Amino acid sequence: MGVKFIGQFLLERGVITREQLLLATQLQEARNRPLGAYAVERGYLSLDQAEHINREQQVTDQRFGELAARLGLMNESQISDVLAMQKVNRIRIGEALVQLGALTAGAFEGHFRAFQEDQAIYQTGQVDLPADTPAPELVKTSIDLTEKLLLRVAGLLGKRGVPVPGAHQPDAELLSIRIAFSGSVTAQFAFSASRDVASAIARRVLGPELTLNDELIVDALKEFCNVVCGNICGKLSTPDAPLEIDPPEDGVGFATGEQRSLLVPLHMPDGRFELRFLFG
């Protein structure tokens, strides 16, 4: 058993073919449009205004509708309208497979129950950490914000594996960036991503028109990690207990002496990334 997504699970069971999964994914992409697209379609926002909100989302932990309201670009009625449109049109992978005739609704429900049993150990919502994890609020906030901003910045949705305490050597193929916290907590946050994940982040951070190279991808990862950790400081800092960050650096740190560490693996259908924390 390992972390899987429903499409991968169905493929391994021989329930669907790769071609059927590809068609279902394409149908999802066509139907599951971002909120800004509906706002522009309705005439509530111009394309420039929607893109401005999307750029703002890359540096703050706020939803599209919240930012549109804060910026005075949409009212509550308009936001409710586009949210309803998005909900009506949204389609899950199972619904797409049924709609395309790859399997029946009843068959999918049976396979989905088996999938849930197989994947029950893996986290998708609340963050559960080992009982003796140092600075648990910092770790939980880091995981939550990383997942949210990955989805908002790069459209990447991951599935969280089981957090593992202790030192673990990172895969040499992963690109890694680390940022040190100081003040109320002394810790290090490290983000390691496979090249496809890193490239997806870079395209959104730097713009799709650029030709990516290793240096640009690393710079984009540093910017992404800086945004994540800046938002962490914003959430956890208080006047009596400030939290600050150092500039991002390449690579990950390793525990020495009395230091402790934690690995949080995250998986995607095409790629993976990891969060590592070093305490003390």
# chains A, B, ... in the order shown; residues from 1 in each chain; ligands from 1
call {"tool": "closest_atom_pairs", "arguments": {"of": "region 78-195 of chain A", "to": "region 227-238 of chain A", "cutoff": "7 Å", "atoms": "only C-alpha atoms", "output": "JSON lines"}}
result
{"residue": "A:Thr141", "atom": "CA", "partner": "A:Ile232", "partner_atom": "CA", "distance": 6.5}
{"residue": "A:Ser142", "atom": "CA", "partner": "A:Ile232", "partner_atom": "CA", "distance": 6.4}
{"residue": "A:Leu145", "atom": "CA", "partner": "A:Val228", "partner_atom": "CA", "distance": 6.3}
{"residue": "A:Thr146", "atom": "CA", "partner": "A:Val228", "partner_atom": "CA", "distance": 6.1}
call {"tool": "residues_around", "arguments": {"residues": "region 17-23 of chain A", "least_positions_apart": "6", "cutoff": "9 Å", "atoms": "only C-alpha atoms", "output": "short mmCIF file (atom, residue, chain, number, x, y, z; two decimals) with C-alpha atoms, in the first residue's frame"}}
result
data_model
loop_
_atom_site.label_atom_id
_atom_site.label_comp_id
_atom_site.auth_asym_id
_atom_site.auth_seq_id
_atom_site.Cartn_x
_atom_site.Cartn_y
_atom_site.Cartn_z
CA GLY A 7 -7.39 7.45 -11.09
CA GLN A 8 -4.16 5.57 -10.34
CA LEU A 10 -8.59 2.37 -10.87
CA LEU A 11 -5.78 1.91 -13.40
CA ILE A 93 -12.93 12.43 -11.75
CA ALA A 96 -16.24 12.39 -15.50
CA LEU A 97 -15.49 8.67 -15.99
CA LEU A 100 -17.76 9.29 -20.58
CA ALA A 102 -15.87 4.29 -18.80
#
call {"tool": "select_by_dssp", "arguments": {"residues": "region 149-181 of chain A", "states": "alpha helix (DSSP H)", "output": "ChimeraX atom specification"}}
result
/A:149-154
call {"tool": "residues_around", "arguments": {"residues": "Gln169 (chain A)", "least_positions_apart": "3", "cutoff": "10 Å", "atoms": "only C-alpha atoms", "output": "count of residues only"}}
result
5
call {"tool": "atom_distance", "arguments": {"atom1": "CA of Pro269 (chain A)", "atom2": "CA of Gln26 (chain A)"}}
result
14.2 Å
call {"tool": "residues_around", "arguments": {"residues": "region 48-64 of chain A", "least_positions_apart": "6", "cutoff": "10 Å", "atoms": "only C-alpha atoms", "output": "ChimeraX atom specification"}}
result
/A:34-40,70-71,73,79,145-146,148-154,204-205,223-224,226-228,230-232,234-235
call {"tool": "write_last_selection", "arguments": {"atoms": "C-alpha atoms", "output": "PDB file, in the first residue's frame"}}
result
ATOM      1  CA  PRO A  34     -11.400  29.082 -11.655  1.00  0.00           C
ATOM      2  CA  LEU A  35     -13.680  31.582  -9.953  1.00  0.00           C
ATOM      3  CA  GLY A  36     -12.138  34.483 -11.863  1.00  0.00           C
ATOM      4  CA  ALA A  37     -13.190  32.969 -15.188  1.00  0.00           C
ATOM      5  CA  TYR A  38     -16.839  32.977 -14.101  1.00  0.00           C
ATOM      6  CA  ALA A  39     -16.524  36.533 -12.759  1.00  0.00           C
ATOM      7  CA  VAL A  40     -15.185  37.729 -16.120  1.00  0.00           C
ATOM      8  CA  ARG A  70     -11.369  43.472   0.116  1.00  0.00           C
ATOM      9  CA  LEU A  71     -10.207  45.250  -3.020  1.00  0.00           C
ATOM     10  CA  LEU A  73     -13.956  44.793  -7.021  1.00  0.00           C
ATOM     11  CA  ILE A  79     -19.357  36.527  -5.224  1.00  0.00           C
ATOM     12  CA  LEU A 145      -0.295  27.272   4.126  1.00  0.00           C
ATOM     13  CA  THR A 146       2.006  25.308   1.816  1.00  0.00           C
ATOM     14  CA  LYS A 148      -3.217  26.207   0.182  1.00  0.00           C
ATOM     15  CA  LEU A 149      -0.681  28.334  -1.666  1.00  0.00           C
ATOM     16  CA  LEU A 150       0.404  25.456  -3.912  1.00  0.00           C
ATOM     17  CA  LEU A 151      -3.219  25.105  -4.993  1.00  0.00           C
ATOM     18  CA  ARG A 152      -3.756  28.844  -5.437  1.00  0.00           C
ATOM     19  CA  VAL A 153      -0.426  29.675  -7.043  1.00  0.00           C
ATOM     20  CA  ALA A 154       0.158  26.628  -9.238  1.00  0.00           C
ATOM     21  CA  ARG A 204       2.997  30.681 -12.341  1.00  0.00           C
ATOM     22  CA  VAL A 205       5.449  32.766 -10.290  1.00  0.00           C
ATOM     23  CA  GLU A 223      10.105  33.201  -3.892  1.00  0.00           C
ATOM     24  CA  PHE A 224       7.327  30.678  -3.233  1.00  0.00           C
ATOM     25  CA  ASN A 226       9.461  33.163   1.073  1.00  0.00           C
ATOM     26  CA  VAL A 227       5.737  33.846   0.546  1.00  0.00           C
ATOM     27  CA  VAL A 228       4.729  30.739   2.517  1.00  0.00           C
ATOM     28  CA  GLY A 230       6.104  35.236   5.398  1.00  0.00           C
ATOM     29  CA  ASN A 231       2.451  34.267   5.785  1.00  0.00           C
ATOM     30  CA  ILE A 232       3.388  31.863   8.588  1.00  0.00           C
ATOM     31  CA  GLY A 234       1.990  36.894   9.852  1.00  0.00           C
ATOM     32  CA  LYS A 235      -0.270  34.259  11.401  1.00  0.00           C
TER      33      LYS A 235
END
call {"tool": "residues_around", "arguments": {"residues": "Ala220 (chain A)", "least_positions_apart": "5", "cutoff": "9 Å", "atoms": "only C-alpha atoms", "output": "list in words"}}
result
Ala198, Ser199, Ile201, Ala202, Arg203, Arg204, Val205, Leu206, Glu215 and Cys225 of chain A
call {"tool": "write_last_selection", "arguments": {"atoms": "C-alpha atoms", "output": "tab-separated table (two decimals), in the first residue's frame"}}
result
chain	number	residue	atom	x	y	z
A	198	ALA	CA	8.98	22.97	-9.31
A	199	SER	CA	8.43	23.89	-12.96
A	201	ILE	CA	5.36	26.73	-9.58
A	202	ALA	CA	7.96	28.60	-11.63
A	203	ARG	CA	5.60	29.07	-14.59
A	204	ARG	CA	3.00	30.68	-12.34
A	205	VAL	CA	5.45	32.77	-10.29
A	206	LEU	CA	7.55	34.01	-13.24
A	215	GLU	CA	18.41	29.01	-12.10
A	225	CYS	CA	8.92	29.53	0.05
call {"tool": "atom_distance", "arguments": {"atom1": "CA of Gly43 (chain A)", "atom2": "CA of Arg90 (chain A)"}}
result
20.3 Å
call {"tool": "residues_around", "arguments": {"residues": "Ile91 (chain A)", "least_positions_apart": "6", "cutoff": "7 Å", "atoms": "only C-alpha atoms", "output": "PyMOL selection string"}}
result
chain A and resi 28+31-32
call {"tool": "select_by_dssp", "arguments": {"residues": "region 4-250 of chain A", "states": "strand (DSSP E or B)", "output": "list in words"}}
result
Gln123, Lys159, Arg160, Val164, Pro165, Leu175, Ser176, Ile177, Arg178, Ile179, Ala180, Phe181, Ser182, Gly183, Ala187, Gln188, Phe189, Ala190, Phe191, Ser192, Ala193, Leu243, Glu244, Ile245, Glu249 and Asp250 of chain A
call {"tool": "residues_around", "arguments": {"residues": "Ala180 (chain A)", "least_positions_apart": "6", "cutoff": "6 Å", "atoms": "only C-alpha atoms", "output": "MDAnalysis selection string"}}
result
chainID A and resid 187:188 245:246
call {"tool": "closest_residue", "arguments": {"among": "A:Leu83, A:Leu243, A:Val185, A:Val15", "to": "Arg33 (chain A)", "atoms": "only C-alpha atoms"}}
result
A:Leu83
call {"tool": "atom_distance", "arguments": {"atom1": "CA of Arg276 (chain A)", "atom2": "CA of Leu157 (chain A)"}}
result
18.6 Å
call {"tool": "closest_residue", "arguments": {"among": "A:Phe181, A:Phe191, A:Phe9, A:Tyr44", "to": "Leu138 (chain A)", "atoms": "only C-alpha atoms"}}
result
A:Phe181
